[in-house]
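Asks: So I've got this file, upload.pdb, and it contains PDB, C-alpha atoms:
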ATOM      1  CA  MET A 601      -2.804  80.022  32.019
ATOM      2  CA  ALA A 602      -6.221  81.578  31.490
ATOM      3  CA  THR A 603      -8.601  80.302  28.830
ATOM      4  CA  TYR A 604     -11.473  81.953  27.042
ATOM      5  CA  LYS A 605     -14.436  79.856  26.009
ATOM      6  CA  LYS A 606     -16.653  80.664  23.083
ATOM      7  CA  GLU A 607     -20.129  79.387  22.374
ATOM      8  CA  GLY A 608     -19.823  75.786  21.252
ATOM      9  CA  GLY A 609     -17.124  74.931  23.785
ATOM     10  CA  VAL A 610     -14.011  76.103  21.919
ATOM     11  CA  HIS A 611     -11.137  77.081  24.223
ATOM     12  CA  VAL A 612      -8.832  79.935  23.193
ATOM     13  CA  LYS A 613      -5.450  79.888  24.893
ATOM     14  CA  SER A 614      -3.865  83.003  26.307
ATOM     15  CA  TYR A 615      -0.167  83.870  25.895
ATOM     16  CA  THR A 616       1.892  86.783  27.195
ATOM     17  CA  ALA A 617       3.724  86.993  23.846
ATOM     18  CA  ASP A 618       3.121  85.874  20.280
ATOM     19  CA  PRO A 619       4.204  82.247  19.674
ATOM     20  CA  ASP A 620       6.873  81.287  17.157
ATOM     21  CA  LYS A 621       5.654  81.725  13.571
ATOM     22  CA  THR A 622       8.730  80.345  11.822
ATOM     23  CA  TYR A 623       7.631  78.144   8.932
ATOM     24  CA  PRO A 624       6.443  75.461   9.380
ATOM     25  CA  SER A 625       4.570  76.555  12.492
ATOM     26  CA  GLY A 626       2.435  74.273  14.629
ATOM     27  CA  PHE A 627       0.279  77.317  15.429
ATOM     28  CA  GLU A 628      -0.762  77.856  11.805
ATOM     29  CA  GLY A 629      -4.453  78.748  11.687
ATOM     30  CA  GLN A 630      -4.924  78.590  15.489
ATOM     31  CA  LEU A 631      -6.692  81.373  17.352
ATOM     32  CA  TYR A 632      -5.097  82.665  20.576
ATOM     33  CA  TYR A 633      -5.211  85.695  22.905
ATOM     34  CA  ASN A 634      -2.160  87.906  23.551
ATOM     35  CA  SER A 635      -2.597  89.276  27.076
ATOM     36  CA  SER A 636       0.219  91.804  26.589
ATOM     37  CA  ASP A 637      -1.518  93.777  23.847
ATOM     38  CA  GLY A 638      -5.113  92.641  24.484
ATOM     39  CA  GLN A 639      -5.554  91.221  20.984
ATOM     40  CA  PHE A 640      -7.080  88.019  19.667
ATOM     41  CA  LYS A 641      -4.790  86.731  16.920
ATOM     42  CA  TYR A 642      -3.974  83.779  14.724
ATOM     43  CA  ILE A 643      -1.011  82.786  12.594
ATOM     44  CA  GLY A 644      -2.083  82.956   8.967
ATOM     45  CA  LEU A 645      -1.246  80.481   6.251
ATOM     46  CA  GLY A 646       2.281  80.806   4.887
ATOM     47  CA  ALA A 647       3.015  82.714   1.705
ATOM     48  CA  GLY A 648       6.068  82.634  -0.534
ATOM     49  CA  ALA A 649       7.603  85.258  -2.784
ATOM     50  CA  TRP A 650      10.692  85.956  -4.904
ATOM     51  CA  ALA A 651      12.869  88.974  -4.095
ATOM     52  CA  SER A 652      15.953  90.436  -5.765
ATOM     53  CA  GLY A 653      19.349  89.394  -4.419
ATOM     54  CA  GLY A 654      22.923  90.406  -5.207
ATOM     55  CA  ASN A 655      24.093  90.088  -8.805
ATOM     56  CA  MET A 656      26.552  87.356  -9.778
ATOM     57  CA  ASN A 657      30.042  88.532 -10.710
ATOM     58  CA  THR A 658      29.947  86.611 -14.010
ATOM     59  CA  GLY A 659      26.599  86.256 -15.777
ATOM     60  CA  ARG A 660      26.174  82.788 -17.306
ATOM     61  CA  TYR A 661      23.876  79.819 -17.736
ATOM     62  CA  ASP A 662      23.961  76.004 -17.961
ATOM     63  CA  GLY A 663      26.337  75.585 -15.015
ATOM     64  CA  GLY A 664      26.273  73.491 -11.839
ATOM     65  CA  VAL A 665      25.163  74.097  -8.253
ATOM     66  CA  ALA A 666      25.501  72.629  -4.788
ATOM     67  CA  ALA A 667      22.232  70.675  -4.748
ATOM     68  CA  ARG A 668      21.663  71.391  -1.033
ATOM     69  CA  GLY A 669      22.689  75.049  -1.163
ATOM     70  CA  THR A 670      20.293  77.737   0.103
ATOM     71  CA  ASN A 671      19.432  81.405  -0.379
ATOM     72  CA  THR A 672      21.902  82.315   2.379
ATOM     73  CA  ALA A 673      24.653  79.829   1.500
ATOM     74  CA  GLY A 674      24.749  79.088  -2.211
ATOM     75  CA  LEU A 675      27.375  77.728  -4.599
ATOM     76  CA  ILE A 676      27.581  77.869  -8.404
ATOM     77  CA  PHE A 677      30.312  76.707 -10.783
ATOM     78  CA  GLY A 678      31.080  76.458 -14.482
ATOM     79  CA  GLY A 679      28.508  77.402 -17.091
ATOM     80  CA  GLU A 680      28.396  79.034 -20.473
ATOM     81  CA  ILE A 681      28.300  82.451 -22.112
ATOM     82  CA  TYR A 682      27.124  83.482 -25.589
ATOM     83  CA  PRO A 683      28.222  84.930 -27.958
ATOM     84  CA  PRO A 684      30.625  83.335 -28.631
ATOM     85  CA  THR A 685      29.806  80.041 -26.947
ATOM     86  CA  SER A 686      32.416  79.186 -24.340
ATOM     87  CA  ALA A 687      32.597  77.109 -21.155
ATOM     88  CA  LYS A 688      33.461  78.783 -17.855
ATOM     89  CA  ASP A 689      35.505  77.588 -14.886
ATOM     90  CA  GLU A 690      34.561  80.277 -12.361
ATOM     91  CA  THR A 691      33.149  79.384  -8.925
ATOM     92  CA  GLU A 692      31.066  81.802  -6.833
ATOM     93  CA  GLU A 693      29.654  81.586  -3.301
ATOM     94  CA  TYR A 694      26.586  83.447  -2.007
ATOM     95  CA  ASN A 695      26.155  84.599   1.608
ATOM     96  CA  GLY A 696      22.583  85.852   1.353
ATOM     97  CA  THR A 697      23.645  89.321   0.224
ATOM     98  CA  ALA A 698      26.523  89.171  -2.252
ATOM     99  CA  TRP A 699      28.518  86.784  -4.451
ATOM    100  CA  SER A 700      32.261  86.251  -4.018
ATOM    101  CA  GLU A 701      34.609  84.478  -6.404
ATOM    102  CA  ASP A 702      36.537  81.467  -5.164
ATOM    103  CA  GLY A 703      38.792  78.754  -6.625
ATOM    104  CA  ASP A 704      38.216  77.899 -10.289
ATOM    105  CA  LEU A 705      37.324  74.427 -11.520
ATOM    106  CA  ASN A 706      40.278  72.465 -12.907
ATOM    107  CA  THR A 707      38.226  71.738 -16.047
ATOM    108  CA  ALA A 708      35.868  74.366 -17.422
ATOM    109  CA  ARG A 709      32.481  72.781 -18.063
ATOM    110  CA  ARG A 710      29.028  73.705 -19.318
ATOM    111  CA  ASN A 711      25.800  71.845 -20.207
ATOM    112  CA  ARG A 712      24.624  71.632 -16.604
ATOM    113  CA  PRO A 713      27.151  69.430 -14.825
ATOM    114  CA  GLY A 714      25.601  67.542 -11.921
ATOM    115  CA  GLY A 715      26.134  69.139  -8.531
ATOM    116  CA  LEU A 716      26.057  67.648  -5.041
ATOM    117  CA  GLY A 717      26.558  69.045  -1.557
ATOM    118  CA  ILE A 718      26.622  72.396   0.198
ATOM    119  CA  VAL A 719      28.652  75.590  -0.125
ATOM    120  CA  THR A 720      31.679  74.233   1.772
ATOM    121  CA  ALA A 721      31.585  70.630   0.534
ATOM    122  CA  ALA A 722      30.431  69.993  -3.028
ATOM    123  CA  LEU A 723      30.927  67.800  -6.081
ATOM    124  CA  ALA A 724      30.900  68.745  -9.797
ATOM    125  CA  VAL A 725      30.019  65.797 -12.039
ATOM    126  CA  GLY A 726      30.291  65.529 -15.828
ATOM    127  CA  GLY A 727      28.915  68.229 -18.099
ATOM    128  CA  SER A 728      30.279  69.233 -21.519
ATOM    129  CA  SER A 729      29.350  65.767 -22.851
ATOM    130  CA  PRO A 730      30.923  63.191 -22.811
ATOM    131  CA  ASN A 731      32.888  64.443 -19.799
ATOM    132  CA  THR A 732      33.365  61.826 -17.034
ATOM    133  CA  ALA A 733      35.472  64.139 -14.845
ATOM    134  CA  VAL A 734      34.440  64.691 -11.213
ATOM    135  CA  GLU A 735      35.826  67.390  -8.929
ATOM    136  CA  SER A 736      35.456  67.816  -5.165
ATOM    137  CA  TYR A 737      35.178  71.261  -3.518
ATOM    138  CA  ASN A 738      36.295  71.995   0.066
ATOM    139  CA  GLY A 739      35.079  75.572   0.340
ATOM    140  CA  SER A 740      38.066  77.149  -1.398
ATOM    141  CA  SER A 741      39.506  74.852  -4.082
ATOM    142  CA  TRP A 742      38.651  71.928  -6.379
ATOM    143  CA  THR A 743      40.395  68.537  -6.491
ATOM    144  CA  GLU A 744      39.893  65.835  -9.104
ATOM    145  CA  THR A 745      38.377  62.629  -7.747
ATOM    146  CA  THR A 746      36.908  59.329  -9.019
ATOM    147  CA  GLU A 747      35.227  59.654 -12.432
ATOM    148  CA  VAL A 748      31.661  58.582 -13.112
ATOM    149  CA  ASN A 749      31.138  55.408 -15.120
ATOM    150  CA  THR A 750      29.223  57.155 -17.906
ATOM    151  CA  GLY A 751      30.070  60.670 -19.012
ATOM    152  CA  ASP A 752      27.172  62.882 -19.991
ATOM    153  CA  ALA A 753      25.790  66.400 -19.820
ATOM    154  CA  TYR A 754      22.582  67.575 -18.137
ATOM    155  CA  ARG A 755      22.930  65.009 -15.351
ATOM    156  CA  ILE A 756      21.147  66.286 -12.255
ATOM    157  CA  GLY A 757      22.657  65.855  -8.813
ATOM    158  CA  ILE A 758      20.740  64.721  -5.716
ATOM    159  CA  GLY A 759      22.250  64.735  -2.222
ATOM    160  CA  LEU A 760      25.526  65.554  -0.518
ATOM    161  CA  GLN A 761      29.239  65.481  -1.320
ATOM    162  CA  GLY A 762      29.741  62.140   0.397
ATOM    163  CA  ALA A 763      26.429  60.475  -0.497
ATOM    164  CA  GLY A 764      24.465  61.316  -3.613
ATOM    165  CA  LEU A 765      23.062  60.414  -7.019
ATOM    166  CA  VAL A 766      23.467  61.688 -10.574
ATOM    167  CA  VAL A 767      20.397  61.083 -12.708
ATOM    168  CA  GLY A 768      19.426  61.147 -16.390
ATOM    169  CA  GLY A 769      21.141  63.264 -19.021
ATOM    170  CA  THR A 770      21.089  64.010 -22.727
ATOM    171  CA  SER A 771      19.619  61.799 -25.474
ATOM    172  CA  SER A 772      16.861  60.606 -23.124
ATOM    173  CA  SER A 773      19.342  58.946 -20.792
ATOM    174  CA  ASP A 774      17.781  56.963 -17.952
ATOM    175  CA  LEU A 775      21.054  56.185 -16.185
ATOM    176  CA  VAL A 776      21.438  56.655 -12.433
ATOM    177  CA  GLU A 777      24.722  56.390 -10.545
ATOM    178  CA  SER A 778      25.147  56.390  -6.778
ATOM    179  CA  TRP A 779      28.176  57.927  -5.006
ATOM    180  CA  ASP A 780      29.392  56.698  -1.611
ATOM    181  CA  GLY A 781      32.217  59.167  -1.144
ATOM    182  CA  SER A 782      34.817  57.134  -3.018
ATOM    183  CA  SER A 783      33.218  55.243  -5.925
ATOM    184  CA  TRP A 784      30.295  55.292  -8.363
ATOM    185  CA  THR A 785      27.820  52.420  -8.766
ATOM    186  CA  GLU A 786      25.030  52.105 -11.319
ATOM    187  CA  VAL A 787      21.650  51.629  -9.641
ATOM    188  CA  ALA A 788      18.015  51.375 -10.780
ATOM    189  CA  GLU A 789      17.224  53.522 -13.827
ATOM    190  CA  ILE A 790      14.533  56.193 -13.889
ATOM    191  CA  ASN A 791      11.350  55.117 -15.704
ATOM    192  CA  THR A 792      11.467  57.954 -18.242
ATOM    193  CA  GLY A 793      14.929  58.894 -19.467
ATOM    194  CA  ARG A 794      15.428  62.646 -19.730
ATOM    195  CA  ALA A 795      17.342  65.707 -18.640
ATOM    196  CA  CYS A 796      15.293  66.686 -15.591
ATOM    197  CA  ASN A 797      15.399  68.707 -12.351
ATOM    198  CA  SER A 798      16.038  67.455  -8.839
ATOM    199  CA  ALA A 799      15.339  67.631  -5.121
ATOM    200  CA  GLY A 800      16.094  65.498  -2.094
ATOM    201  CA  ILE A 801      18.900  63.310  -0.785
ATOM    202  CA  GLN A 802      20.569  60.037  -1.790
ATOM    203  CA  THR A 803      17.908  57.810  -0.196
ATOM    204  CA  ALA A 804      14.848  59.991  -0.910
ATOM    205  CA  GLY A 805      14.887  62.067  -4.081
ATOM    206  CA  LEU A 806      12.772  63.539  -6.862
ATOM    207  CA  ALA A 807      13.395  63.654 -10.621
ATOM    208  CA  ILE A 808      11.156  66.468 -11.839
ATOM    209  CA  SER A 809       9.782  67.220 -15.322
ATOM    210  CA  GLY A 810      12.084  67.569 -18.364
ATOM    211  CA  PRO A 811      11.790  68.238 -22.121
ATOM    212  CA  SER A 812       8.148  67.809 -23.154
ATOM    213  CA  SER A 813       7.470  65.943 -19.910
ATOM    214  CA  THR A 814       5.384  66.654 -16.824
ATOM    215  CA  ALA A 815       6.522  63.399 -15.207
ATOM    216  CA  VAL A 816       7.816  63.309 -11.636
ATOM    217  CA  GLU A 817       9.515  60.249 -10.143
ATOM    218  CA  GLN A 818      10.344  59.544  -6.514
ATOM    219  CA  TRP A 819      13.388  57.547  -5.362
ATOM    220  CA  ASN A 820      13.177  55.541  -2.129
ATOM    221  CA  GLY A 821      16.759  54.329  -2.032
ATOM    222  CA  SER A 822      16.231  51.342  -4.308
ATOM    223  CA  SER A 823      13.637  52.118  -7.010
ATOM    224  CA  TRP A 824      11.810  54.917  -8.848
ATOM    225  CA  THR A 825       8.037  55.390  -8.694
ATOM    226  CA  GLU A 826       5.964  57.779 -10.796
ATOM    227  CA  ILE A 827       3.970  60.231  -8.685
ATOM    228  CA  ALA A 828       1.780  63.301  -9.318
ATOM    229  CA  GLU A 829       2.896  65.314 -12.353
ATOM    230  CA  VAL A 830       3.789  69.005 -12.350
ATOM    231  CA  ASN A 831       1.236  71.421 -13.810
ATOM    232  CA  ALA A 832       3.606  72.801 -16.469
ATOM    233  CA  GLY A 833       6.309  70.555 -17.910
ATOM    234  CA  ARG A 834       9.570  72.253 -18.807
ATOM    235  CA  THR A 835      13.265  71.662 -19.097
ATOM    236  CA  GLN A 836      16.330  73.331 -17.595
ATOM    237  CA  GLY A 837      14.518  74.905 -14.663
ATOM    238  CA  GLY A 838      15.525  75.112 -11.022
ATOM    239  CA  ALA A 839      14.403  73.003  -8.079
ATOM    240  CA  GLY A 840      15.195  72.163  -4.481
ATOM    241  CA  GLY A 841      13.784  70.646  -1.325
ATOM    242  CA  THR A 842      12.749  67.178  -0.218
ATOM    243  CA  THR A 843      10.346  64.442  -1.304
ATOM    244  CA  THR A 844       7.586  66.020   0.790
ATOM    245  CA  ASP A 845       8.491  69.703   0.528
ATOM    246  CA  ALA A 846       9.947  70.897  -2.792
ATOM    247  CA  LEU A 847       9.906  73.877  -5.139
ATOM    248  CA  PHE A 848      10.196  73.829  -8.963
ATOM    249  CA  PHE A 849      10.693  77.063 -10.913
ATOM    250  CA  GLY A 850      11.688  78.621 -14.250
ATOM    251  CA  GLY A 851      12.785  76.695 -17.327
ATOM    252  CA  SER A 852      11.974  76.425 -21.058
ATOM    253  CA  SER A 853      13.088  79.815 -22.392
ATOM    254  CA  THR A 854      11.194  82.543 -20.518
ATOM    255  CA  VAL A 855       8.970  80.533 -18.124
ATOM    256  CA  ALA A 856       8.540  82.235 -14.733
ATOM    257  CA  SER A 857       6.216  79.665 -13.165
ATOM    258  CA  THR A 858       6.825  78.389  -9.611
ATOM    259  CA  GLU A 859       5.254  75.205  -8.218
ATOM    260  CA  LEU A 860       5.188  73.830  -4.681
ATOM    261  CA  TRP A 861       5.166  70.091  -3.859
ATOM    262  CA  ASN A 862       3.680  69.080  -0.491
ATOM    263  CA  GLY A 863       4.151  65.338  -0.854
ATOM    264  CA  THR A 864       0.789  64.862  -2.561
ATOM    265  CA  ALA A 865       0.212  67.528  -5.207
ATOM    266  CA  TRP A 866       1.813  70.442  -7.070
ATOM    267  CA  THR A 867       0.391  73.948  -6.543
ATOM    268  CA  GLU A 868       1.261  77.036  -8.568
ATOM    269  CA  LEU A 869       2.643  79.940  -6.516
ATOM    270  CA  ALA A 870       4.190  83.362  -7.173
ATOM    271  CA  ASP A 871       6.168  83.686 -10.425
ATOM    272  CA  LEU A 872       9.810  84.624 -10.770
ATOM    273  CA  ALA A 873      10.298  88.305 -11.582
ATOM    274  CA  THR A 874      12.338  87.284 -14.653
ATOM    275  CA  GLY A 875      11.418  84.074 -16.433
ATOM    276  CA  ARG A 876      14.429  82.153 -17.732
ATOM    277  CA  ARG A 877      15.936  78.734 -18.242
ATOM    278  CA  SER A 878      19.282  77.130 -17.482
ATOM    279  CA  GLY A 879      19.765  79.186 -14.317
ATOM    280  CA  PHE A 880      21.447  77.998 -11.131
ATOM    281  CA  GLY A 881      18.659  76.721  -8.860
ATOM    282  CA  GLN A 882      19.162  75.234  -5.408
ATOM    283  CA  GLY A 883      17.511  74.815  -1.999
ATOM    284  CA  SER A 884      17.359  72.308   0.837
ATOM    285  CA  ALA A 885      13.620  72.941   1.384
ATOM    286  CA  SER A 886      10.755  74.753  -0.335
ATOM    287  CA  THR A 887      11.437  77.804   1.850
ATOM    288  CA  ASN A 888      15.064  78.742   1.087
ATOM    289  CA  ASN A 889      15.552  78.568  -2.671
ATOM    290  CA  LEU A 890      17.937  80.517  -4.851
ATOM    291  CA  TYR A 891      17.780  81.082  -8.620
ATOM    292  CA  CYS A 892      20.519  83.068 -10.323
ATOM    293  CA  GLY A 893      21.888  83.617 -13.802
ATOM    294  CA  GLY A 894      20.216  81.828 -16.672
ATOM    295  CA  ASP A 895      19.437  82.127 -20.362
ATOM    296  CA  THR A 896      17.013  84.888 -21.370
ATOM    297  CA  TYR A 897      16.950  84.013 -25.098
ATOM    298  CA  PRO A 898      16.016  85.643 -27.494
ATOM    299  CA  ALA A 899      17.785  88.484 -25.689
ATOM    300  CA  THR A 900      21.432  89.022 -26.705
ATOM    301  CA  PRO A 901      23.694  88.347 -24.922
ATOM    302  CA  ALA A 902      21.688  85.374 -23.707
ATOM    303  CA  GLN A 903      23.158  85.210 -20.183
ATOM    304  CA  THR A 904      22.134  87.257 -17.176
ATOM    305  CA  ASN A 905      23.703  87.807 -13.750
ATOM    306  CA  ILE A 906      20.506  88.475 -11.768
ATOM    307  CA  THR A 907      19.701  86.631  -8.537
ATOM    308  CA  GLU A 908      16.295  85.925  -7.030
ATOM    309  CA  GLU A 909      15.724  84.588  -3.509
ATOM    310  CA  TRP A 910      12.637  82.656  -2.440
ATOM    311  CA  THR A 911      11.377  82.946   1.114
ATOM    312  CA  PHE A 912       8.297  81.460   2.757
ATOM    313  CA  SER A 913       6.885  82.686   6.045
ATOM    314  CA  HIS A 914       3.795  83.026   8.198
ATOM    315  CA  ALA A 915       2.265  86.294   9.348
ATOM    316  CA  PHE A 916       0.443  87.268  12.555
ATOM    317  CA  LYS A 917      -3.172  88.204  11.874
ATOM    318  CA  LYS A 918      -5.328  90.234  14.258
ATOM    319  CA  VAL A 919      -8.977  89.334  14.758
ATOM    320  CA  THR A 920     -11.115  92.434  14.168
ATOM    321  CA  THR A 921     -14.803  93.031  14.678
ATOM    322  CA  SER A 922     -17.103  95.676  13.297
TER
END
Please render this file's structure as structure tokens.
Replies:
Amino acid sequence: MATYKKEGGVHVKSYTADPDKTYPSGFEGQLYYNSSDGQFKYIGLGAGAWASGGNMNTGRYDGGVAARGTNTAGLIFGGEIYPPTSAKDETEEYNGTAWSEDGDLNTARRNRPGGLGIVTAALAVGGSSPNTAVESYNGSSWTETTEVNTGDAYRIGIGLQGAGLVVGGTSSSDLVESWDGSSWTEVAEINTGRACNSAGIQTAGLAISGPSSTAVEQWNGSSWTEIAEVNAGRTQGGAGGTTTDALFFGGSSTVASTELWNGTAWTELADLATGRRSGFGQGSASTNNLYCGGDTYPATPAQTNITEEWTFSHAFKKVTTS
């Protein structure tokens, strides 16, 4: 492999083709020479943006999601429409292009039931307070399973179908219950009880923001610790990712704000095209999020069926001289 040396002793590697720029890329910000096209290049810093996706079949808000779903494999269930106010039992799956209807919930539920899992293996927990009912999804149908100890609405889900948490809820609830695939166990409470937003897995999760709160708490498998706050506190938004790589978006009526968590701080990024709350937000990382439906109050009817997909990628940059 040839090298090119600048003044100051910096070596520039030569490649016959551009290296992989899939986010996150180890080549980010590094200068190199492409011998095939005779260009000096570097992989620029990543940038994220929201883009329109396929519309949901049934517009609604305040439903549940598969917490680890993505913008190419998403799952939503239940929810609410207005007017008149009514709970829904419909389930829809997203393949990155379009939504398809699948088996209905056994019990229609609204008020943001907690959701765990992925598109082919999910859990619907509570909702429609004081509902303790839990249903398990196998990719086509729902089956009733072990109930949670404390029924509540607005309980966020963290993790997978066989290993997860449900956190917080209405009336400033600080309750946390852990699921092992067959039973629920109460574990350490969050420091600030609230209906919040979530990211992560059973042993490493985030409880993000909430009504009149910018607080963020991190779960390490045994206790909750307060960490850096979000820039704009809001309720009923969408979130997804991990404890070191998460995205938080929408919420509180018509908020369109999007924030990225890198494990240390929150940074504001590109806004949603349509600000709204109570939508169906999910993502297993900060790079593959989905936000659909939601409440666009004071518009009537309040619900919408729009879908927005978040993607994050690097770009090749050519070095030019004048």
Asks: Please give the centre and size of the box around region 610-616 of chain A (axis-aligned, containing every atom listed in the file, 5 Å added per side), with values in Å to one decimal and written as JSON.
Replies:
{"center_x": -6.1, "center_y": 81.4, "center_z": 24.6, "size_x": 25.9, "size_y": 20.7, "size_z": 15.3}
Asks: Could you tell me how far CA of Ser771 (chain A) sits from CA of Gly659 (chain A), in Å to one decimal place?
Replies: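 According to the coordinates, CA of Gly659 (chain A) and CA of Ser771 (chain A) are separated by 27.2 Å.
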Asks: Taking the file above as input, evaluate the PyMOL selection byres ((chain A and resi 652) around 8) and report the hits as a PyMOL selection string.
Replies: chain A and resi 650-651+653-654+906-909
Asks: Smallest atom-to-atom distance to Ala865 (chain A): which of A:Gln639, A:Val830, A:Ala733, A:Leu631, using all atoms listed in the file?
Replies: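 Of A:Gln639, A:Val830, A:Ala733, A:Leu631, the one nearest Ala865 (chain A) is A:Val830, counting all atoms listed in the file.
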Asks: Starting from the shown file, work through the PyMOL selection byres ((chain A and resi 724) around 6) and note down what comes out as a PyMOL selection string.
Replies: chain A and resi 714-715+723+725+734-735
